[in-house]
Amino acid sequence: MGAQQVRGVIARAKGEPVRIETIVVPDPGPGEAVVKVQTCGVCHTDLHYREGGINDDFPFLLGHEAAGIVESVGEGVTEVAPGDFVVLNWRAVCGQCRACRRGRPQYCFDTHNARQRMTLTDGTELSPALGIGAFAEKTLVAAGQCTKVDPAASPAAAGLLGCGVMAGIGAAINTGGVGRGDSVAVIGCGGVGAAAVLGARLAGAGRIVAVDIDDRKLETARGLGATHTVNSRSTDAVEGIRELTGGFGADVVIEAVGRPETYEQAFYARDLAGTVVLVGVPTPEMRIDLPLLDFFGRGGSLKSSWYGDCLPSRDFPMLIDLYLQGRLDLDAFVTETIGLDDVEAAFTRMHQGDVLRSVVVL
Ligand code: APR
Ligand code: ZN
Ligand code: ZN
C-alpha cells in the first residue's frame, strides 16, 4: 500500500496548544500493525507530554486510550489480522525478559513499540505518546500492542481499557486482590479511582468507601458502586473510613491521587494486616516521612500498581465480555464524545475536573 498521510494531533513544543497536522504512517514492518483508529480517550498523560513533563522528545503525536480496526499487518504477525477490532495497550509483552521468563508477563520489563517511526510530512520523526499516538486517523504500533476483543462493544468504552480505566479496575482486582466481602476504600475518584470503585464492586467487595475533595466525583463514584462517600475537605479521611468500617479501617485502600498526604491517609485508613495499593503517580520531589514502627506494627502489604498489573491478552477480552453482559459499566466513563480538533479544549475541561473522560471519535 505504501506510506499513508492522515491527520493527527501534534504537540510541537512545551506548553504550546496542540494542532492538527498531516502525519505519515509507514506500511507495517515485521511485527507491526497499522490500526484505523475509531476512538481515543483524552488522558492526563497526554497533557503531561504537552507540558514537557514526561520528556523533551517533541514533537509528540498524542493519544493512547484507543480502540480501532487493524488495517494491515507486517511480516510474521500472527496474533491479529486485518479487520480485527482491537484495544491498544502500551505494554506489548516481550516474552524474553526475566519477568516474562518467570511466568509474570504482566510485569514485562521490556515492553516494545513499533520499530519504524511515524513522521511529519517534512520527515521529522514523531514521538507517539506511550508508544501509541492514537489521536490520528491511523497509527502504527507493535502488533503486540493490539488486543482483539468482541466487536459488539462500543469503541468509545472499549478503548478506555487501554489506560486509566484499566489501571483503576486492575488496582482493585489484580494488585489489591479484592475479594468477596472485603471492605475497600478508594482515595481520589477521578477516572482511575472511579474505575477502582467499579473493580471493587466487580470483585464482590462488601463496603466500598469513596473519598474525594470534590462532591461531583463522589456522586459519580456512588453511581458506580460506592456504598459510602467521604468528602475529605470537610471530614478527616482516616476517621471517616474507620468510622464506616467498624472503627478498624478498610481491608484494601486504593490511593488514586499520588500525593504524600493521600498516601499517608491510605496507610492509616487500612485495617491491621490490610493492603495499600498506590496507583496514583507521584512526582519526583515528593517525600514521605512515617514512623518505621508503624510499617512493621500494622503488618499487611504496601503495593504499587503499574497499569493495574494488567495483562492485556487476559484482561481486555474478559472485561469487555463483562461489559457486554451489563456487569461493568464502562459507558459511565465516557462523559462526552468530541472531534479530533477538540482535544485542546478537552484538556481544559479535564484540568477543571469537569469530565471523567472526553473521547475523540474519528
Ligand atoms: N484528597 C482526595 N482526593 C483528591 C485530593 C485529595 N487531597 N486531591 C485531588 N483529589 C481527587 C480529585 O478531586 C480528582 O477527583 O483526585 C482525583 C484525581 O482524578 P483525575 O485528576 O481525574 O486523575 P486520574 O485520571 O483519576 O488519575 C489519578 O493516577 O494515573 C495516575 O497520573 C495519574 O496521578 C494521577 C492519578
Ligand atoms: Zn518481557
Ligand atoms: Zn492514559
# chains A, B, ... in the order shown; residues from 1 in each chain; ligands from 1
$ residues_around --residues "Leu198 in chain A" --least-positions-apart "5" --cutoff "12 Å" --atoms "only C-alpha atoms" --output "VMD selection string"
chain A and resid 165 to 173 178 184 to 186 189 191 to 193 203 to 205 208 to 210 220 to 227 319 322 to 323 327 to 333
$ write_last_selection --atoms "C-alpha atoms" --output "tab-separated table (two decimals), in the first residue's frame"
chain	number	residue	atom	x	y	z
A	165	VAL	CA	-9.77	2.74	33.45
A	166	MET	CA	-7.74	-0.47	33.27
A	167	ALA	CA	-5.30	0.97	35.81
A	168	GLY	CA	-8.14	1.57	38.27
A	169	ILE	CA	-10.00	-1.70	37.75
A	170	GLY	CA	-6.70	-3.60	37.90
A	171	ALA	CA	-5.60	-1.79	41.05
A	172	ALA	CA	-8.62	-3.38	42.75
A	173	ILE	CA	-8.86	-6.81	41.14
A	178	VAL	CA	-10.06	-7.51	46.45
A	184	VAL	CA	-12.41	-1.21	50.28
A	185	ALA	CA	-11.66	2.50	50.39
A	186	VAL	CA	-10.67	4.48	47.31
A	189	CYS	CA	-12.21	9.30	42.49
A	191	GLY	CA	-11.04	8.42	36.11
A	192	VAL	CA	-8.65	5.99	37.82
A	193	GLY	CA	-10.26	5.97	41.27
A	203	ALA	CA	-14.77	-8.37	42.77
A	204	GLY	CA	-17.59	-8.59	45.32
A	205	ALA	CA	-16.41	-6.08	47.90
A	208	ILE	CA	-16.85	0.48	49.25
A	209	VAL	CA	-15.95	3.90	50.63
A	210	ALA	CA	-15.19	6.59	48.05
A	220	THR	CA	-20.16	9.52	40.19
A	221	ALA	CA	-18.46	7.01	42.47
A	222	ARG	CA	-21.77	6.29	44.13
A	223	GLY	CA	-23.31	5.57	40.74
A	224	LEU	CA	-20.53	3.08	40.04
A	225	GLY	CA	-20.93	1.13	43.26
A	226	ALA	CA	-19.56	3.10	46.20
A	227	THR	CA	-21.69	2.28	49.23
A	319	LEU	CA	-13.55	-7.13	30.88
A	322	LEU	CA	-18.37	-8.49	31.41
A	323	TYR	CA	-19.20	-5.10	29.89
A	327	ARG	CA	-21.80	-6.19	34.63
A	328	LEU	CA	-19.18	-3.49	34.07
A	329	ASP	CA	-20.42	-0.01	33.25
A	330	LEU	CA	-17.61	1.29	31.05
A	331	ASP	CA	-20.04	3.66	29.31
A	332	ALA	CA	-20.21	5.70	32.53
A	333	PHE	CA	-16.65	6.86	31.90
$ closest_atom_pairs --of "chain A" --to "ligand 1" --cutoff "7 Å" --atoms "only C-alpha atoms and all ligand atoms" --output "tab-separated table"
residue	atom	partner	partner_atom_place_in_ligand_line	distance
A:Cys43	CA	ligand 1	25 (O)	6.5
A:His44	CA	ligand 1	25 (O)	5.9
A:Thr45	CA	ligand 1	32 (O)	6.6
A:Gly164	CA	ligand 1	30 (O)	6.0
A:Ile187	CA	ligand 1	2 (C)	5.5
A:Gly188	CA	ligand 1	16 (O)	3.6
A:Cys189	CA	ligand 1	15 (O)	4.4
A:Gly190	CA	ligand 1	19 (O)	3.2
A:Gly191	CA	ligand 1	26 (O)	3.8
A:Val192	CA	ligand 1	26 (O)	3.7
A:Gly193	CA	ligand 1	26 (O)	5.4
A:Val211	CA	ligand 1	2 (C)	5.9
A:Asp212	CA	ligand 1	3 (N)	3.7
A:Ile213	CA	ligand 1	3 (N)	4.9
A:Asp214	CA	ligand 1	13 (O)	4.9
A:Lys217	CA	ligand 1	15 (O)	5.5
A:Ser232	CA	ligand 1	1 (N)	6.1
A:Ala256	CA	ligand 1	28 (C)	5.0
A:Val257	CA	ligand 1	36 (C)	4.6
A:Gly258	CA	ligand 1	34 (O)	4.8
A:Glu261	CA	ligand 1	7 (N)	6.8
A:Thr262	CA	ligand 1	7 (N)	5.7
A:Val279	CA	ligand 1	29 (O)	5.7
A:Gly280	CA	ligand 1	29 (O)	3.4
A:Val281	CA	ligand 1	34 (O)	3.8
A:Pro282	CA	ligand 1	34 (O)	6.1
A:Gly353	CA	ligand 1	21 (O)	6.3
A:Leu356	CA	ligand 1	22 (O)	6.1
$ residues_around --residues "range 108-117 of chain A" --least-positions-apart "6" --cutoff "7 Å" --atoms "only C-alpha atoms" --output "PyMOL selection string"
chain A and resi 32+91-94+97+99-100+125-126+131+140-142
$ select_by_dssp --residues "range 118-283 of chain A" --states "alpha helix (DSSP H)" --output "PyMOL selection string"
chain A and resi 155-159+164-170+191-202+215-224+237-243+260-268
$ residues_around --residues "Ile54 in chain A" --least-positions-apart "5" --cutoff "12 Å" --atoms "only C-alpha atoms" --output "ChimeraX atom specification"
/A:14,44-49,60,127,129-130,283-284
$ residues_around --residues "Ala67 in chain A" --least-positions-apart "3" --cutoff "10 Å" --atoms "only C-alpha atoms" --output "ChimeraX atom specification"
/A:35-41,64,70,85-89,134,146-149,154-162,361
$ residues_around --residues "Ala237 in chain A" --least-positions-apart "4" --cutoff "8 Å" --atoms "only C-alpha atoms" --output "NGL selection string"
:A and (211 or 230-232 or 241 or 265 or 269)
